[in-house]
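Peer 1: Just so it is clear, I am handing over protein28.pdb, which has PDB, C-alpha atoms, pLDDT in the B column.
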MODEL        1
ATOM      1  CA  MET B  29     102.336  38.953  23.134  1.00 67.00           C
ATOM      2  CA  LYS B  30     103.980  40.044  26.389  1.00 71.00           C
ATOM      3  CA  LYS B  31     102.592  43.263  27.822  1.00 82.00           C
ATOM      4  CA  GLU B  32     104.931  46.083  28.824  1.00 88.00           C
ATOM      5  CA  LYS B  33     104.556  46.847  32.527  1.00 93.00           C
ATOM      6  CA  GLN B  34     105.976  49.755  34.490  1.00 95.00           C
ATOM      7  CA  CYS B  35     105.561  50.064  38.253  1.00 96.00           C
ATOM      8  CA  TYR B  36     105.800  53.054  40.572  1.00 97.00           C
ATOM      9  CA  LEU B  37     106.018  52.109  44.244  1.00 96.00           C
ATOM     10  CA  GLY B  38     106.041  54.254  47.373  1.00 95.00           C
ATOM     11  CA  ILE B  39     106.778  52.849  50.818  1.00 93.00           C
ATOM     12  CA  ASP B  40     106.569  54.468  54.271  1.00 88.00           C
ATOM     13  CA  VAL B  41     108.791  52.427  56.634  1.00 85.00           C
ATOM     14  CA  SER B  42     108.798  54.502  59.831  1.00 82.00           C
ATOM     15  CA  LYS B  43     106.592  52.318  62.044  1.00 89.00           C
ATOM     16  CA  SER B  44     106.275  48.687  63.150  1.00 93.00           C
ATOM     17  CA  TRP B  45     104.549  48.151  59.794  1.00 94.00           C
ATOM     18  CA  PHE B  46     105.104  49.605  56.361  1.00 93.00           C
ATOM     19  CA  ASP B  47     102.559  50.815  53.879  1.00 94.00           C
ATOM     20  CA  LEU B  48     103.049  50.250  50.164  1.00 94.00           C
ATOM     21  CA  SER B  49     101.225  52.034  47.373  1.00 96.00           C
ATOM     22  CA  MET B  50     101.770  51.021  43.767  1.00 97.00           C
ATOM     23  CA  ILE B  51     100.572  52.349  40.447  1.00 97.00           C
ATOM     24  CA  SER B  52     101.184  50.205  37.382  1.00 96.00           C
ATOM     25  CA  VAL B  53     101.125  51.214  33.757  1.00 96.00           C
ATOM     26  CA  ILE B  54     100.448  48.318  31.387  1.00 93.00           C
ATOM     27  CA  ASP B  55     100.819  48.995  27.668  1.00 93.00           C
ATOM     28  CA  ASN B  56     100.596  52.755  28.348  1.00 92.00           C
ATOM     29  CA  GLU B  57      97.345  52.371  30.332  1.00 94.00           C
ATOM     30  CA  LYS B  58      97.360  53.469  33.986  1.00 96.00           C
ATOM     31  CA  GLN B  59      95.935  50.873  36.378  1.00 95.00           C
ATOM     32  CA  ALA B  60      94.164  51.433  39.693  1.00 96.00           C
ATOM     33  CA  MET B  61      96.412  52.142  42.678  1.00 97.00           C
ATOM     34  CA  LEU B  62      97.064  49.209  44.991  1.00 95.00           C
ATOM     35  CA  SER B  63      97.749  49.784  48.689  1.00 96.00           C
ATOM     36  CA  VAL B  64      98.806  47.143  51.179  1.00 96.00           C
ATOM     37  CA  ARG B  65     100.356  46.991  54.669  1.00 96.00           C
ATOM     38  CA  PHE B  66     103.072  44.621  55.876  1.00 96.00           C
ATOM     39  CA  ASP B  67     104.613  44.082  59.303  1.00 96.00           C
ATOM     40  CA  ASN B  68     108.050  45.705  59.481  1.00 94.00           C
ATOM     41  CA  ASP B  69     109.835  42.516  60.535  1.00 95.00           C
ATOM     42  CA  GLU B  70     111.408  39.471  58.893  1.00 96.00           C
ATOM     43  CA  GLN B  71     108.066  37.761  58.188  1.00 98.00           C
ATOM     44  CA  GLY B  72     106.604  40.976  56.766  1.00 96.00           C
ATOM     45  CA  ILE B  73     109.583  41.373  54.417  1.00 95.00           C
ATOM     46  CA  LYS B  74     109.078  37.803  53.192  1.00 97.00           C
ATOM     47  CA  LEU B  75     105.381  38.492  52.534  1.00 97.00           C
ATOM     48  CA  PHE B  76     106.326  41.753  50.765  1.00 96.00           C
ATOM     49  CA  ASN B  77     108.746  39.859  48.499  1.00 95.00           C
ATOM     50  CA  LYS B  78     106.046  37.292  47.697  1.00 97.00           C
ATOM     51  CA  TRP B  79     103.557  40.100  46.977  1.00 96.00           C
ATOM     52  CA  LEU B  80     106.007  41.698  44.526  1.00 95.00           C
ATOM     53  CA  LYS B  81     106.429  38.393  42.691  1.00 95.00           C
ATOM     54  CA  ASP B  82     102.688  37.625  42.713  1.00 95.00           C
ATOM     55  CA  ASN B  83     101.989  41.073  41.228  1.00 93.00           C
ATOM     56  CA  GLU B  84     104.720  40.612  38.606  1.00 91.00           C
ATOM     57  CA  VAL B  85     106.597  43.763  39.580  1.00 93.00           C
ATOM     58  CA  PRO B  86     109.592  44.001  37.231  1.00 89.00           C
ATOM     59  CA  PHE B  87     112.985  44.181  38.939  1.00 87.00           C
ATOM     60  CA  ASN B  88     114.650  46.384  36.316  1.00 91.00           C
ATOM     61  CA  GLU B  89     114.537  49.895  34.856  1.00 92.00           C
ATOM     62  CA  LYS B  90     110.742  49.518  34.437  1.00 90.00           C
ATOM     63  CA  SER B  91     110.210  50.069  38.178  1.00 93.00           C
ATOM     64  CA  LEU B  92     110.701  53.081  40.402  1.00 95.00           C
ATOM     65  CA  LEU B  93     110.752  52.696  44.185  1.00 93.00           C
ATOM     66  CA  VAL B  94     110.592  55.648  46.600  1.00 94.00           C
ATOM     67  CA  ILE B  95     110.999  55.047  50.350  1.00 92.00           C
ATOM     68  CA  GLU B  96     110.036  57.527  53.083  1.00 87.00           C
ATOM     69  CA  ASN B  97     111.567  57.037  56.527  1.00 77.00           C
TER
ENDMDL
END
Let me see the file written as structure tokens.

Peer 2:
Amino acid sequence: MKKEKQCYLGIDVSKSWFDLSMISVIDNEKQAMLSVRFDNDEQGIKLFNKWLKDNEVPFNEKSLLVIEN
């Protein structure tokens, strides 16, 4: 049975790197917060995209992304 996953992501993009914090809720159970830093350049964006896929972040109404400049 596929688990229902919701993701809440916050990103601060104001420097030469960006910090991401994510809280996931899987089957109505809150998971531990994950925090990671990426370089704010083309390579960092590629690694960020890979991280999202590796962590199975849904790209639909089950995710909320907030960005602070």

Peer 1: Which residues, written as a ChimeraX atom specification, have at least one atom at most 8 Å from Ser52 in chain B, with all atoms listed in the file counted and residues fewer than 3 positions away on the same chain left out?

Peer 2: /B:33-36,58-61

Peer 1: Just to confirm, what's the straight-line distance from CA of Ile95 in chain B to CA of Leu62 in chain B in Å (one decimal)?

Peer 2: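 Here the two named atoms are 16.0 Å from each other.
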
Peer 1: Please, what distance in Å, to one decimal, runs between CA of Asn97 in chain B and CA of Phe76 in chain B?

Peer 2: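 Spanning CA of Asn97 in chain B to CA of Phe76 in chain B is a straight-line distance of 17.2 Å.
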
Peer 1: Which residues would end up in the selection if the PyMOL selection byres ((chain B and resi 67-69) around 12) were applied here, given that I need the answer as a PyMOL selection string?

Peer 2: chain B and resi 39-48+64-66+70-76

Peer 1: Evaluate the PyMOL selection byres ((chain B and resi 92) around 10) against this structure - the residues, as a VMD selection string, please.

Peer 2: chain B and resid 34 to 38 50 86 to 91 93 to 94

Peer 1: Which value, in Å to one decimal, gives the distance between CA of Ser49 in chain B and CA of Asn77 in chain B?

Peer 2: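 Separation between CA of Ser49 in chain B and CA of Asn77 in chain B: 14.4 Å.
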
Peer 1: Axis-aligned box over every listed atom of range 76-86 of chain B, padded by 8 Å per side: centre and edges in Å to one decimal, as AutoDock Vina command-line options?

Peer 2:
--center_x 105.8 --center_y 40.6 --center_z 44.0 --size_x 23.6 --size_y 22.7 --size_z 29.5

Peer 1: Hey, what comes out of the PyMOL selection byres ((chain B and resi 31) around 9) on this file? Could you write it as a ChimeraX atom specification?

Peer 2: /B:29-30,32-33,54-55

Peer 1: All heavy atoms for range 44-55 of chain B, written as a JSON list (two decimals), in the coordinates of the input, could you do that?

Peer 2:
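Generated output (result09.json):
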[["chain", "number", "residue", "atom", "x", "y", "z"],
["B", 44, "SER", "N", 106.11, 50.13, 63.00],
["B", 44, "SER", "CA", 106.28, 48.69, 63.15],
["B", 44, "SER", "C", 105.63, 47.94, 61.98],
["B", 44, "SER", "O", 105.66, 46.72, 61.93],
["B", 44, "SER", "CB", 105.69, 48.20, 64.48],
["B", 44, "SER", "OG", 104.32, 48.50, 64.54],
["B", 45, "TRP", "N", 105.06, 48.69, 61.05],
["B", 45, "TRP", "CA", 104.55, 48.15, 59.79],
["B", 45, "TRP", "C", 105.01, 49.09, 58.69],
["B", 45, "TRP", "O", 105.52, 50.17, 58.97],
["B", 45, "TRP", "CB", 103.02, 48.05, 59.81],
["B", 45, "TRP", "CG", 102.35, 49.38, 59.85],
["B", 45, "TRP", "CD1", 102.04, 50.19, 58.79],
["B", 45, "TRP", "CD2", 101.91, 50.09, 61.00],
["B", 45, "TRP", "NE1", 101.45, 51.35, 59.19],
["B", 45, "TRP", "CE2", 101.36, 51.32, 60.57],
["B", 45, "TRP", "CE3", 101.94, 49.83, 62.36],
["B", 45, "TRP", "CZ2", 100.85, 52.26, 61.44],
["B", 45, "TRP", "CZ3", 101.43, 50.77, 63.21],
["B", 45, "TRP", "CH2", 100.88, 51.96, 62.76],
["B", 46, "PHE", "N", 104.85, 48.67, 57.45],
["B", 46, "PHE", "CA", 105.10, 49.60, 56.36],
["B", 46, "PHE", "C", 103.98, 49.52, 55.35],
["B", 46, "PHE", "O", 103.42, 48.46, 55.11],
["B", 46, "PHE", "CB", 106.49, 49.43, 55.72],
["B", 46, "PHE", "CG", 106.77, 48.10, 55.09],
["B", 46, "PHE", "CD1", 106.57, 47.90, 53.72],
["B", 46, "PHE", "CD2", 107.26, 47.05, 55.85],
["B", 46, "PHE", "CE1", 106.86, 46.68, 53.14],
["B", 46, "PHE", "CE2", 107.55, 45.83, 55.26],
["B", 46, "PHE", "CZ", 107.35, 45.65, 53.90],
["B", 47, "ASP", "N", 103.63, 50.68, 54.85],
["B", 47, "ASP", "CA", 102.56, 50.82, 53.88],
["B", 47, "ASP", "C", 103.17, 50.94, 52.49],
["B", 47, "ASP", "O", 104.12, 51.70, 52.30],
["B", 47, "ASP", "CB", 101.72, 52.06, 54.17],
["B", 47, "ASP", "CG", 101.03, 51.97, 55.52],
["B", 47, "ASP", "OD1", 100.43, 50.92, 55.80],
["B", 47, "ASP", "OD2", 101.08, 52.95, 56.28],
["B", 48, "LEU", "N", 102.60, 50.22, 51.56],
["B", 48, "LEU", "CA", 103.05, 50.25, 50.16],
["B", 48, "LEU", "C", 101.89, 50.71, 49.29],
["B", 48, "LEU", "O", 100.77, 50.24, 49.44],
["B", 48, "LEU", "CB", 103.48, 48.85, 49.72],
["B", 48, "LEU", "CG", 103.66, 48.65, 48.21],
["B", 48, "LEU", "CD1", 104.91, 49.33, 47.71],
["B", 48, "LEU", "CD2", 103.69, 47.18, 47.87],
["B", 49, "SER", "N", 102.18, 51.65, 48.42],
["B", 49, "SER", "CA", 101.22, 52.03, 47.37],
["B", 49, "SER", "C", 101.92, 51.83, 46.04],
["B", 49, "SER", "O", 103.10, 52.15, 45.89],
["B", 49, "SER", "CB", 100.81, 53.50, 47.52],
["B", 49, "SER", "OG", 100.09, 53.67, 48.70],
["B", 50, "MET", "N", 101.18, 51.29, 45.08],
["B", 50, "MET", "CA", 101.77, 51.02, 43.77],
["B", 50, "MET", "C", 100.79, 51.39, 42.66],
["B", 50, "MET", "O", 99.61, 51.07, 42.74],
["B", 50, "MET", "CB", 102.14, 49.55, 43.61],
["B", 50, "MET", "CG", 102.77, 49.24, 42.26],
["B", 50, "MET", "SD", 103.27, 47.52, 42.04],
["B", 50, "MET", "CE", 101.73, 46.76, 41.58],
["B", 51, "ILE", "N", 101.31, 52.09, 41.68],
["B", 51, "ILE", "CA", 100.57, 52.35, 40.45],
["B", 51, "ILE", "C", 101.32, 51.64, 39.33],
["B", 51, "ILE", "O", 102.54, 51.77, 39.21],
["B", 51, "ILE", "CB", 100.46, 53.85, 40.15],
["B", 51, "ILE", "CG1", 99.63, 54.54, 41.23],
["B", 51, "ILE", "CG2", 99.85, 54.08, 38.77],
["B", 51, "ILE", "CD1", 99.55, 56.04, 41.08],
["B", 52, "SER", "N", 100.60, 50.89, 38.54],
["B", 52, "SER", "CA", 101.18, 50.20, 37.38],
["B", 52, "SER", "C", 100.67, 50.84, 36.10],
["B", 52, "SER", "O", 99.54, 51.34, 36.05],
["B", 52, "SER", "CB", 100.79, 48.72, 37.37],
["B", 52, "SER", "OG", 101.29, 48.07, 38.50],
["B", 53, "VAL", "N", 101.51, 50.80, 35.10],
["B", 53, "VAL", "CA", 101.12, 51.21, 33.76],
["B", 53, "VAL", "C", 101.39, 50.02, 32.85],
["B", 53, "VAL", "O", 102.52, 49.55, 32.75],
["B", 53, "VAL", "CB", 101.93, 52.45, 33.28],
["B", 53, "VAL", "CG1", 101.53, 52.83, 31.87],
["B", 53, "VAL", "CG2", 101.74, 53.61, 34.24],
["B", 54, "ILE", "N", 100.33, 49.49, 32.26],
["B", 54, "ILE", "CA", 100.45, 48.32, 31.39],
["B", 54, "ILE", "C", 100.07, 48.75, 29.98],
["B", 54, "ILE", "O", 98.95, 49.23, 29.75],
["B", 54, "ILE", "CB", 99.56, 47.16, 31.87],
["B", 54, "ILE", "CG1", 99.98, 46.76, 33.29],
["B", 54, "ILE", "CG2", 99.65, 45.98, 30.91],
["B", 54, "ILE", "CD1", 99.09, 45.71, 33.93],
["B", 55, "ASP", "N", 101.01, 48.57, 29.06],
["B", 55, "ASP", "CA", 100.82, 49.00, 27.67],
["B", 55, "ASP", "C", 100.27, 50.42, 27.59],
["B", 55, "ASP", "O", 99.28, 50.69, 26.92],
["B", 55, "ASP", "CB", 99.91, 48.02, 26.92],
["B", 55, "ASP", "CG", 100.59, 46.69, 26.66],
["B", 55, "ASP", "OD1", 101.83, 46.63, 26.68],
["B", 55, "ASP", "OD2", 99.87, 45.71, 26.43]]
